[in-house]
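Chemist: Here's a structure for you.
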2 protein chains.
Amino acid sequence: MELYYAVPGLGAVLHTVNIRYSPEDLVYTINHAGDEILFVKDEFVPLVSAIMPKLKTVRKAVIMTDRPEPPQVKLPGIEVYNYEDLIKSSSPYEFGDLDERTVATLFYTSGTTGPPKGVFFTHRQLVLHAMAVAISTSAPPYELSVRDIVMPLVPMYHVHAWGGGPHAMFLAGQKYVFTGRMDWGGYILKTISEEKVTYIYGVPVILYLLLTHPDSPKYDLRGGLKYGNGGSAMPEGLYKLARSRGGIIVINGYGLSETAPVIAQALFNASMLGWPDEKKENYLMKGLRQIPLAFIRVVNDQGKDVPKDGKTIGEIVVRSPWLTPAYFKDPEKTRDLWRGGWLHTGDVAVWDSEGHIWIMDRLKDVIKSGGEWIVSTKLEDIISTYPAVGEVAVVGVPHPKWGGERPVAIVVPKPGQRITEDEIKNHLMKYVEKGEIPKWWLPDKIIISEKELPKTSTAKADKKVLRELYKNVLSS
Amino acid sequence: MELYYAVPGLGAVLHTVNIRYSPEDLVYTINHAGDEILFVKDEFVPLVSAIMPKLKTVRKAVIMTDRPEPPQVKLPGIEVYNYEDLIKSSSPYEFGDLDERTVATLFYTSGTTGPPKGVFFTHRQLVLHAMAVAISTSAPPYELSVRDIVMPLVPMYHVHAWGGGPHAMFLAGQKYVFTGRMDWGGYILKTISEEKVTYIYGVPVILYLLLTHPDSPKYDLRGGLKYGNGGSAMPEGLYKLARSRGGIIVINGYGLSETAPVIAQALFNASMLGWPDEKKENYLMKGLRQIPLAFIRVVNDQGKDVPKDGKTIGEIVVRSPWLTPAYFKDPEKTRDLWRGGWLHTGDVAVWDSEGHIWIMDRLKDVIKSGGEWIVSTKLEDIISTYPAVGEVAVVGVPHPKWGGERPVAIVVPKPGQRITEDEIKNHLMKYVEKGEIPKWWLPDKIIISEKELPKTSTAKADKKVLRELYKNVLSS
């Protein structure tokens, strides 16, 4: 947290390295960014030692530790300092004025193809993003105030810890509780309960782990605890589990690494407060409104707005003062991101007559079958409501006869439970009969897996891996 | 309100003309601004007709009316349109993108000497100001949300109606109730009650008029109604009157025409919520914290910070992204305003160890007596707590023997009440005995006046006029 403010405050760029990357990607991103000084938590010293020979621009390292005595660390060819020694020996420093367009932060985001891409943000962008998030999270359903106690459940290297914590919550004067290591039973559940945390946020799997951890029932997750969801869509089953567990209020949010990240949330204006409960719940789970200074459209292939009918699918494109101006040193991918002067999110959605946005899927995860689109997340939602289902992913797999893709569902039962393919099929058929999904959307195969789904570094189901894993499943 | 958004949205500058200016100052400001199109409410047509020959740059006028039929207006030498006709005949207009540094608004502020001075603000500045005010007014003690109903009691020509209403409250999604004409009994009190207004704001005299209007007791000013105070210090007597009247929560705020206006408010952070009631009340009445992105210092004649001791008086200077860059076409006054790179407010204050700011007086109203300063507002405060006192002003008047100035108090009794000079003297002596003011601060003369105090165009006691009126009172 100190580095979050101190490094940009100096006029330097804070590159938050994704520690879940492979050593190869770590080396790539550090070299690509041109990092000069590494701040290294002591537990990562062996990792840094191992990759050090491949790092081209690093000339100093500063070791950070929670232990009372700083470790004696040597790294080949560079100067090594201990963070606490530097703090103790330093004199007061007067931060100077910086041009607001000075780059403050840089980090990398993994795409479906190629190496990680760098996105970067200026001081101006971080301030505007923090202000907009402070305003939006003061509105219902968040209604955060100086009385709130916030515990972000996203790593600090990940998109400014979503900006909410280190920037907006500080601006709005909320108490901030650190997560430390993601230790569910021993620390996080206990701390939420003991510190009377009122607002947590993270990706859906985080909420799932929190609610299903063996120690979870021991802790008081008071009614009124709010959970801000992002990263991927909230499965309906998980939403219901959270509601049943002490009435946790789940609030949908939306953004990308490229968007700093927040651009939309399930915000309520005054008139929406009068909505029927069911409509409100559905909106909290899946709905979105743009936050102040974010301008969102849903467009077709030609960049024209799709009708605001709640049905016609298009891609979400954005303008806002805090979007990354480019992929770092990658003009080609930058052009693609910003084609037509709008940032292309790669997410498909519908919008309705009130301008609310309902995300359907990642453009790349939409399953193209017979010239039409199947929305994989819709199928995942339905499957997730089947009681014994723990995790589910639906991916498009090449069909040997028809060409194109057909959906395949991978289902992981809850611990200690069993599910059959037929149970899931019958469950889905009910939704076909109710007219909620067309019959041709039904997965060609349902795979019951005992193994946890593979995850991306941001804890989403890794559909790229799943597509590769099951690419021949319809051929065999 | 339409013009507030439409005119800057076009890329034009909205000059909100101060209709309480003398015809001479109206002509001066319109010519100095170079206004080309006048929007004129029908009731002001005779006024505009009268000054029209002196207006050098106006080429069109648009007449606005609340009447069903637009009036037939002719003005010499210019084209005249009716607003509603233009609205009806216009086709949809797509607002284009503007450079954020485009000037959006301009208005004039009266100084102690010379003609009114123009201040101006860009789109960027209005947006940042609105965002900062939206954040600060979501914090305690305001805690405004989409559930709130706001009725600004400041004219719309006056410093963006303080920015809170037309900009920040819209941004934050609050319901906005128009004041129309300042008709206390017939409209404003009635509307506050009927529309269940939860937040009003204005200068102290407005609250005084509201609470003492003969019709006032008829209306329900519910507990929890919040009143944002600005323009001048809240007199303690008025504060207590408001608290006794259904528990109206008075909240101190601070800003100038030059500062868009808001830069500080009596905001509470989490730890301050635990303050004892008396400390809280005193802070609400007189205390201030800077709002986000406003940086305030209290400095001596050499521009150095005065000690944060709650005692040493200095001038408030500010930096913030929304301060007027200059007085329009007045480089000399601009240099004085911005000397040393900080905007000089002309207000004297102390700050305390927590950085809270307590305004003492206008620099020009501070009474310089024998090389020391007497804070006129402190004397006004004490006198205002005497039950029969309606209005009070204390000004510095030249002393024939000692040179320098000595304080003179002008006291207006409440309607139907009588006060003597001795009563006020005895009342002040109690505060001398308690050690709250030094004995040499006691006014040399107390004038009991049956006439309302002269007011500036922003409804503050006009001390310039009072000083002139009573300049010989100590010589006679």
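The way I read the labels, and the way they are meant: chains A, B, ... in the order of the structure tokens, residue 1 as the first residue of every chain, and ligand 1 as the first ligand shown, with later ones counted on from there.
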Contacts of Met429 in chain A at 12 Å or less, counting only C-alpha atoms, minus same-chain residues fewer than 3 places along, as a PDB file with N, CA and C atoms, in the first residue's frame?
Modeler:
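Generated output (result.pdb):
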```pdb
ATOM      1  N   LEU A 379     -25.997 -20.938 -20.191  1.00  0.00           N
ATOM      2  CA  LEU A 379     -26.057 -22.371 -19.867  1.00  0.00           C
ATOM      3  C   LEU A 379     -25.393 -22.636 -18.512  1.00  0.00           C
ATOM      4  N   ILE A 382     -27.728 -21.747 -15.649  1.00  0.00           N
ATOM      5  CA  ILE A 382     -28.800 -22.707 -15.407  1.00  0.00           C
ATOM      6  C   ILE A 382     -28.234 -23.947 -14.703  1.00  0.00           C
ATOM      7  N   ILE A 383     -27.122 -24.436 -15.220  1.00  0.00           N
ATOM      8  CA  ILE A 383     -26.529 -25.634 -14.621  1.00  0.00           C
ATOM      9  C   ILE A 383     -26.133 -25.365 -13.169  1.00  0.00           C
ATOM     10  N   ASP A 422     -27.174 -37.360 -17.004  1.00  0.00           N
ATOM     11  CA  ASP A 422     -28.624 -37.296 -17.217  1.00  0.00           C
ATOM     12  C   ASP A 422     -29.307 -36.295 -16.301  1.00  0.00           C
ATOM     13  N   GLU A 423     -28.846 -36.216 -15.048  1.00  0.00           N
ATOM     14  CA  GLU A 423     -29.442 -35.237 -14.127  1.00  0.00           C
ATOM     15  C   GLU A 423     -29.324 -33.821 -14.693  1.00  0.00           C
ATOM     16  N   ILE A 424     -28.148 -33.508 -15.217  1.00  0.00           N
ATOM     17  CA  ILE A 424     -27.926 -32.163 -15.770  1.00  0.00           C
ATOM     18  C   ILE A 424     -28.784 -31.967 -17.018  1.00  0.00           C
ATOM     19  N   LYS A 425     -28.840 -33.003 -17.846  1.00  0.00           N
ATOM     20  CA  LYS A 425     -29.665 -32.906 -19.067  1.00  0.00           C
ATOM     21  C   LYS A 425     -31.125 -32.629 -18.723  1.00  0.00           C
ATOM     22  N   ASN A 426     -31.630 -33.388 -17.737  1.00  0.00           N
ATOM     23  CA  ASN A 426     -33.036 -33.207 -17.343  1.00  0.00           C
ATOM     24  C   ASN A 426     -33.271 -31.814 -16.773  1.00  0.00           C
ATOM     25  N   VAL A 432     -35.616 -25.484 -21.234  1.00  0.00           N
ATOM     26  CA  VAL A 432     -36.054 -25.507 -22.635  1.00  0.00           C
ATOM     27  C   VAL A 432     -37.574 -25.464 -22.668  1.00  0.00           C
ATOM     28  N   GLU A 433     -38.191 -26.273 -21.798  1.00  0.00           N
ATOM     29  CA  GLU A 433     -39.658 -26.337 -21.779  1.00  0.00           C
ATOM     30  C   GLU A 433     -40.276 -24.996 -21.366  1.00  0.00           C
ATOM     31  N   LYS A 434     -39.587 -24.294 -20.456  1.00  0.00           N
ATOM     32  CA  LYS A 434     -40.083 -22.967 -20.033  1.00  0.00           C
ATOM     33  C   LYS A 434     -39.804 -21.886 -21.081  1.00  0.00           C
ATOM     34  N   GLY A 435     -39.074 -22.258 -22.140  1.00  0.00           N
ATOM     35  CA  GLY A 435     -38.772 -21.281 -23.193  1.00  0.00           C
ATOM     36  C   GLY A 435     -37.627 -20.349 -22.848  1.00  0.00           C
ATOM     37  N   GLU A 436     -36.853 -20.670 -21.813  1.00  0.00           N
ATOM     38  CA  GLU A 436     -35.761 -19.763 -21.439  1.00  0.00           C
ATOM     39  C   GLU A 436     -34.534 -19.936 -22.317  1.00  0.00           C
ATOM     40  N   ILE A 437     -34.366 -21.130 -22.861  1.00  0.00           N
ATOM     41  CA  ILE A 437     -33.278 -21.344 -23.838  1.00  0.00           C
ATOM     42  C   ILE A 437     -33.828 -22.212 -24.976  1.00  0.00           C
ATOM     43  N   PRO A 438     -33.317 -22.018 -26.198  1.00  0.00           N
ATOM     44  CA  PRO A 438     -33.757 -22.875 -27.314  1.00  0.00           C
ATOM     45  C   PRO A 438     -33.165 -24.271 -27.141  1.00  0.00           C
ATOM     46  N   LYS A 439     -33.873 -25.252 -27.723  1.00  0.00           N
ATOM     47  CA  LYS A 439     -33.432 -26.637 -27.558  1.00  0.00           C
ATOM     48  C   LYS A 439     -32.048 -26.874 -28.187  1.00  0.00           C
ATOM     49  N   TRP A 440     -31.787 -26.163 -29.289  1.00  0.00           N
ATOM     50  CA  TRP A 440     -30.503 -26.388 -29.980  1.00  0.00           C
ATOM     51  C   TRP A 440     -29.312 -25.869 -29.188  1.00  0.00           C
ATOM     52  N   TRP A 441     -29.575 -25.150 -28.082  1.00  0.00           N
ATOM     53  CA  TRP A 441     -28.477 -24.708 -27.216  1.00  0.00           C
ATOM     54  C   TRP A 441     -27.974 -25.840 -26.302  1.00  0.00           C
ATOM     55  N   LEU A 442     -28.750 -26.921 -26.172  1.00  0.00           N
ATOM     56  CA  LEU A 442     -28.375 -27.975 -25.208  1.00  0.00           C
ATOM     57  C   LEU A 442     -26.987 -28.529 -25.539  1.00  0.00           C
ATOM     58  N   PRO A 443     -26.103 -28.648 -24.539  1.00  0.00           N
ATOM     59  CA  PRO A 443     -24.747 -29.147 -24.795  1.00  0.00           C
ATOM     60  C   PRO A 443     -24.777 -30.536 -25.436  1.00  0.00           C
TER      61      PRO A 443
END
```
Chemist: So which residues touch Arg101 in chain B within 9 Å, counting only C-alpha atoms, skipping near sequence neighbours fewer than 2 positions away, as a PyMOL selection string?
Modeler: chain B and resi 98-99+103-104+121-125
Chemist: Hey, can you spit out that residue selection with N, CA and C atoms as a PDB file, in the first residue's frame?
Modeler:
```pdb
ATOM      1  N   LEU B  98     -15.948  18.383 -26.914  1.00  0.00           N
ATOM      2  CA  LEU B  98     -15.249  19.650 -26.730  1.00  0.00           C
ATOM      3  C   LEU B  98     -13.938  19.379 -26.009  1.00  0.00           C
ATOM      4  N   ASP B  99     -12.958  20.209 -26.272  1.00  0.00           N
ATOM      5  CA  ASP B  99     -11.761  20.178 -25.440  1.00  0.00           C
ATOM      6  C   ASP B  99     -12.180  20.504 -24.014  1.00  0.00           C
ATOM      7  N   VAL B 103     -13.811  27.124 -22.074  1.00  0.00           N
ATOM      8  CA  VAL B 103     -14.479  27.859 -21.001  1.00  0.00           C
ATOM      9  C   VAL B 103     -15.984  27.599 -21.089  1.00  0.00           C
ATOM     10  N   ALA B 104     -16.583  27.296 -19.957  1.00  0.00           N
ATOM     11  CA  ALA B 104     -18.001  26.933 -19.903  1.00  0.00           C
ATOM     12  C   ALA B 104     -18.849  28.042 -19.272  1.00  0.00           C
ATOM     13  N   PHE B 121     -14.707  29.515 -15.718  1.00  0.00           N
ATOM     14  CA  PHE B 121     -14.419  28.117 -15.399  1.00  0.00           C
ATOM     15  C   PHE B 121     -14.592  27.260 -16.650  1.00  0.00           C
ATOM     16  N   THR B 122     -13.734  26.262 -16.773  1.00  0.00           N
ATOM     17  CA  THR B 122     -13.797  25.365 -17.928  1.00  0.00           C
ATOM     18  C   THR B 122     -14.695  24.157 -17.615  1.00  0.00           C
ATOM     19  N   HIS B 123     -15.030  23.407 -18.658  1.00  0.00           N
ATOM     20  CA  HIS B 123     -15.789  22.167 -18.476  1.00  0.00           C
ATOM     21  C   HIS B 123     -15.086  21.251 -17.487  1.00  0.00           C
ATOM     22  N   ARG B 124     -13.799  21.094 -17.702  1.00  0.00           N
ATOM     23  CA  ARG B 124     -13.001  20.254 -16.811  1.00  0.00           C
ATOM     24  C   ARG B 124     -13.184  20.684 -15.358  1.00  0.00           C
ATOM     25  N   GLN B 125     -13.130  21.976 -15.119  1.00  0.00           N
ATOM     26  CA  GLN B 125     -13.238  22.475 -13.751  1.00  0.00           C
ATOM     27  C   GLN B 125     -14.619  22.196 -13.157  1.00  0.00           C
TER      28      GLN B 125
END
```
Chemist: Give as a count of residues only every residue of chain B that touches chain A within 8 Å, counting only C-alpha atoms.
Modeler: 17
Chemist: Excluding Glu43 in chain B and residues on its chain fewer than 2 positions from it, collect all residues at most 10 Å away from it, counting only C-alpha atoms, and give them as a list of chain:residue names.
Modeler: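 In the requested form, the answer reads B:Val40, B:Lys41, B:Val45, B:Pro46, B:Leu47, B:Val48, B:Ile63, B:Met64, B:Thr65.
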Chemist: Could you name the residues that touch Ser193 in chain A at 7 Å or less, counting only C-alpha atoms, but leaving out those on the same chain fewer than 2 positions away, as JSON, numbers by chain?
Modeler: {"A": [189, 190, 191, 195, 196, 197, 219, 220, 221]}
Chemist: Those residues with N, CA and C atoms, as a JSON list (two decimals), in the first residue's frame please?
Modeler:
```json
[["chain", "number", "residue", "atom", "x", "y", "z"],
["A", 189, "LEU", "N", -11.82, -15.33, 6.68],
["A", 189, "LEU", "CA", -13.13, -15.47, 7.33],
["A", 189, "LEU", "C", -13.10, -14.92, 8.76],
["A", 190, "LYS", "N", -12.02, -15.24, 9.46],
["A", 190, "LYS", "CA", -11.87, -14.78, 10.83],
["A", 190, "LYS", "C", -11.80, -13.25, 10.89],
["A", 191, "THR", "N", -11.06, -12.67, 9.96],
["A", 191, "THR", "CA", -10.88, -11.22, 9.98],
["A", 191, "THR", "C", -12.17, -10.50, 9.60],
["A", 195, "GLU", "N", -13.21, -8.06, 12.47],
["A", 195, "GLU", "CA", -13.06, -6.63, 12.17],
["A", 195, "GLU", "C", -14.39, -5.99, 11.78],
["A", 196, "LYS", "N", -15.46, -6.81, 11.79],
["A", 196, "LYS", "CA", -16.78, -6.31, 11.41],
["A", 196, "LYS", "C", -16.75, -5.66, 10.02],
["A", 197, "VAL", "N", -16.10, -6.37, 9.10],
["A", 197, "VAL", "CA", -16.01, -5.89, 7.72],
["A", 197, "VAL", "C", -17.41, -5.80, 7.13],
["A", 219, "TYR", "N", -18.04, -18.77, 11.36],
["A", 219, "TYR", "CA", -17.92, -17.31, 11.43],
["A", 219, "TYR", "C", -19.23, -16.61, 11.13],
["A", 220, "ASP", "N", -19.34, -15.46, 11.74],
["A", 220, "ASP", "CA", -20.52, -14.65, 11.63],
["A", 220, "ASP", "C", -20.41, -13.76, 10.39],
["A", 221, "LEU", "N", -21.11, -14.14, 9.29],
["A", 221, "LEU", "CA", -21.17, -13.25, 8.14],
["A", 221, "LEU", "C", -22.50, -12.51, 8.26]]
```
Chemist: When DSSP is applied to the backbone of this structure, which of range 96-258 of chain A are assigned alpha helix (DSSP H)? Write them out as number ranges by chain.
Modeler: A: 123-136, 170-171, 190-194, 204-212, 236-244
Chemist: Contacts of Leu3 in chain B at 9 Å or less, counting only C-alpha atoms, minus same-chain residues fewer than 3 places along, as a list in words?
Modeler: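 That gives Ala6, Val7, Pro8, Leu14 and Phe39 of chain B.
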Chemist: So the first atom is CA of Leu256 in chain B and the second is CA of Leu153 in chain B; what is the distance between them in Å, to one decimal place?
Modeler: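 Distance between the two atoms: 16.5 Å.
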Chemist: Please provide as a list in words all residues within 9 Å of Asn82 in chain B, with the sequence filter that same-chain residues fewer than 4 positions apart are discarded (counting only C-alpha atoms).
Modeler: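 Residues near the query, excluding close chain neighbours: Ala61, Val62, Ile63, Met64, Thr65, Pro70, Pro71, Gln72, Val73, Leu86 and Ile87 of chain B.
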Chemist: May I have the residues from that selection written out with C-alpha atoms, as an mmCIF file, in the first residue's frame?
Modeler:
```
data_model
loop_
_atom_site.group_PDB
_atom_site.id
_atom_site.type_symbol
_atom_site.label_atom_id
_atom_site.label_comp_id
_atom_site.auth_asym_id
_atom_site.auth_seq_id
_atom_site.Cartn_x
_atom_site.Cartn_y
_atom_site.Cartn_z
ATOM 1 C CA ALA B 61 -32.288 38.090 -27.350
ATOM 2 C CA VAL B 62 -34.376 35.066 -26.439
ATOM 3 C CA ILE B 63 -37.420 35.738 -24.259
ATOM 4 C CA MET B 64 -38.407 33.146 -21.658
ATOM 5 C CA THR B 65 -41.762 33.074 -19.914
ATOM 6 C CA PRO B 70 -45.164 34.070 -25.412
ATOM 7 C CA PRO B 71 -45.085 37.871 -25.126
ATOM 8 C CA GLN B 72 -44.529 39.985 -28.237
ATOM 9 C CA VAL B 73 -41.247 41.699 -27.467
ATOM 10 C CA LEU B 86 -37.177 27.793 -30.634
ATOM 11 C CA ILE B 87 -37.604 24.617 -28.629
#
```
Chemist: Quick one: everything within 7 Å of range 207-212 of chain B, counting only C-alpha atoms, minus sequence neighbours fewer than 2 positions away in the same chain. Send it as a count of residues only.
Modeler: 6
Chemist: Just to confirm, what's the straight-line distance from CA of Gly165 in chain B to CA of Phe178 in chain B in Å (one decimal)?
Modeler: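 Calculated distance between CA of Gly165 in chain B and CA of Phe178 in chain B is 9.6 Å.
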Chemist: When you draw a straight line from CA of Val318 in chain B to CA of Thr345 in chain B, how long is it in Å?
Modeler: 7.5 Å
Chemist: Quick check for you: according to DSSP on this backbone, which residues of range 221-327 of chain A are classed as strand (DSSP E or B)? Reply as a PyMOL selection string.
Modeler: chain A and resi 226-229+249-255+262-265+287-290+295-299+305+314-319+327
Chemist: Write the residues of the preceding selection, restricted to C-alpha atoms, as a PDB file, in the first residue's frame.
Modeler:
```pdb
ATOM      1  CA  LYS A 226     -21.985  -6.530   0.911  1.00  0.00           C
ATOM      2  CA  TYR A 227     -20.082  -8.396  -1.756  1.00  0.00           C
ATOM      3  CA  GLY A 228     -19.010  -6.553  -4.890  1.00  0.00           C
ATOM      4  CA  ASN A 229     -18.715  -8.993  -7.763  1.00  0.00           C
ATOM      5  CA  ILE A 249     -25.929  -8.543  -0.595  1.00  0.00           C
ATOM      6  CA  VAL A 250     -24.262  -9.369  -3.898  1.00  0.00           C
ATOM      7  CA  ILE A 251     -23.680  -6.391  -6.209  1.00  0.00           C
ATOM      8  CA  ASN A 252     -22.654  -6.839  -9.807  1.00  0.00           C
ATOM      9  CA  GLY A 253     -19.791  -4.798 -11.219  1.00  0.00           C
ATOM     10  CA  TYR A 254     -17.963  -4.688 -14.505  1.00  0.00           C
ATOM     11  CA  GLY A 255     -14.597  -3.711 -15.862  1.00  0.00           C
ATOM     12  CA  VAL A 262     -14.532  -0.032 -13.048  1.00  0.00           C
ATOM     13  CA  ILE A 263     -16.926   1.255 -15.716  1.00  0.00           C
ATOM     14  CA  ALA A 264     -20.310  -0.171 -14.683  1.00  0.00           C
ATOM     15  CA  GLN A 265     -22.064  -1.415 -11.568  1.00  0.00           C
ATOM     16  CA  GLY A 287     -27.545  -5.781 -14.268  1.00  0.00           C
ATOM     17  CA  LEU A 288     -25.255  -2.820 -14.871  1.00  0.00           C
ATOM     18  CA  ARG A 289     -25.372   0.947 -15.250  1.00  0.00           C
ATOM     19  CA  GLN A 290     -22.425   3.032 -16.323  1.00  0.00           C
ATOM     20  CA  PHE A 295     -19.881   6.096 -21.522  1.00  0.00           C
ATOM     21  CA  ILE A 296     -20.952   2.666 -22.649  1.00  0.00           C
ATOM     22  CA  ARG A 297     -22.567   1.523 -25.870  1.00  0.00           C
ATOM     23  CA  VAL A 298     -23.577  -1.912 -27.158  1.00  0.00           C
ATOM     24  CA  VAL A 299     -22.743  -2.140 -30.860  1.00  0.00           C
ATOM     25  CA  ASP A 305     -25.815   0.747 -31.555  1.00  0.00           C
ATOM     26  CA  GLY A 314     -23.713  -6.666 -29.398  1.00  0.00           C
ATOM     27  CA  GLU A 315     -20.234  -5.850 -28.124  1.00  0.00           C
ATOM     28  CA  ILE A 316     -19.722  -3.428 -25.261  1.00  0.00           C
ATOM     29  CA  VAL A 317     -17.579  -0.443 -26.259  1.00  0.00           C
ATOM     30  CA  VAL A 318     -16.532   2.347 -23.908  1.00  0.00           C
ATOM     31  CA  ARG A 319     -15.212   5.855 -23.627  1.00  0.00           C
ATOM     32  CA  TYR A 327      -1.147  -1.617 -25.019  1.00  0.00           C
TER      33      TYR A 327
END
```
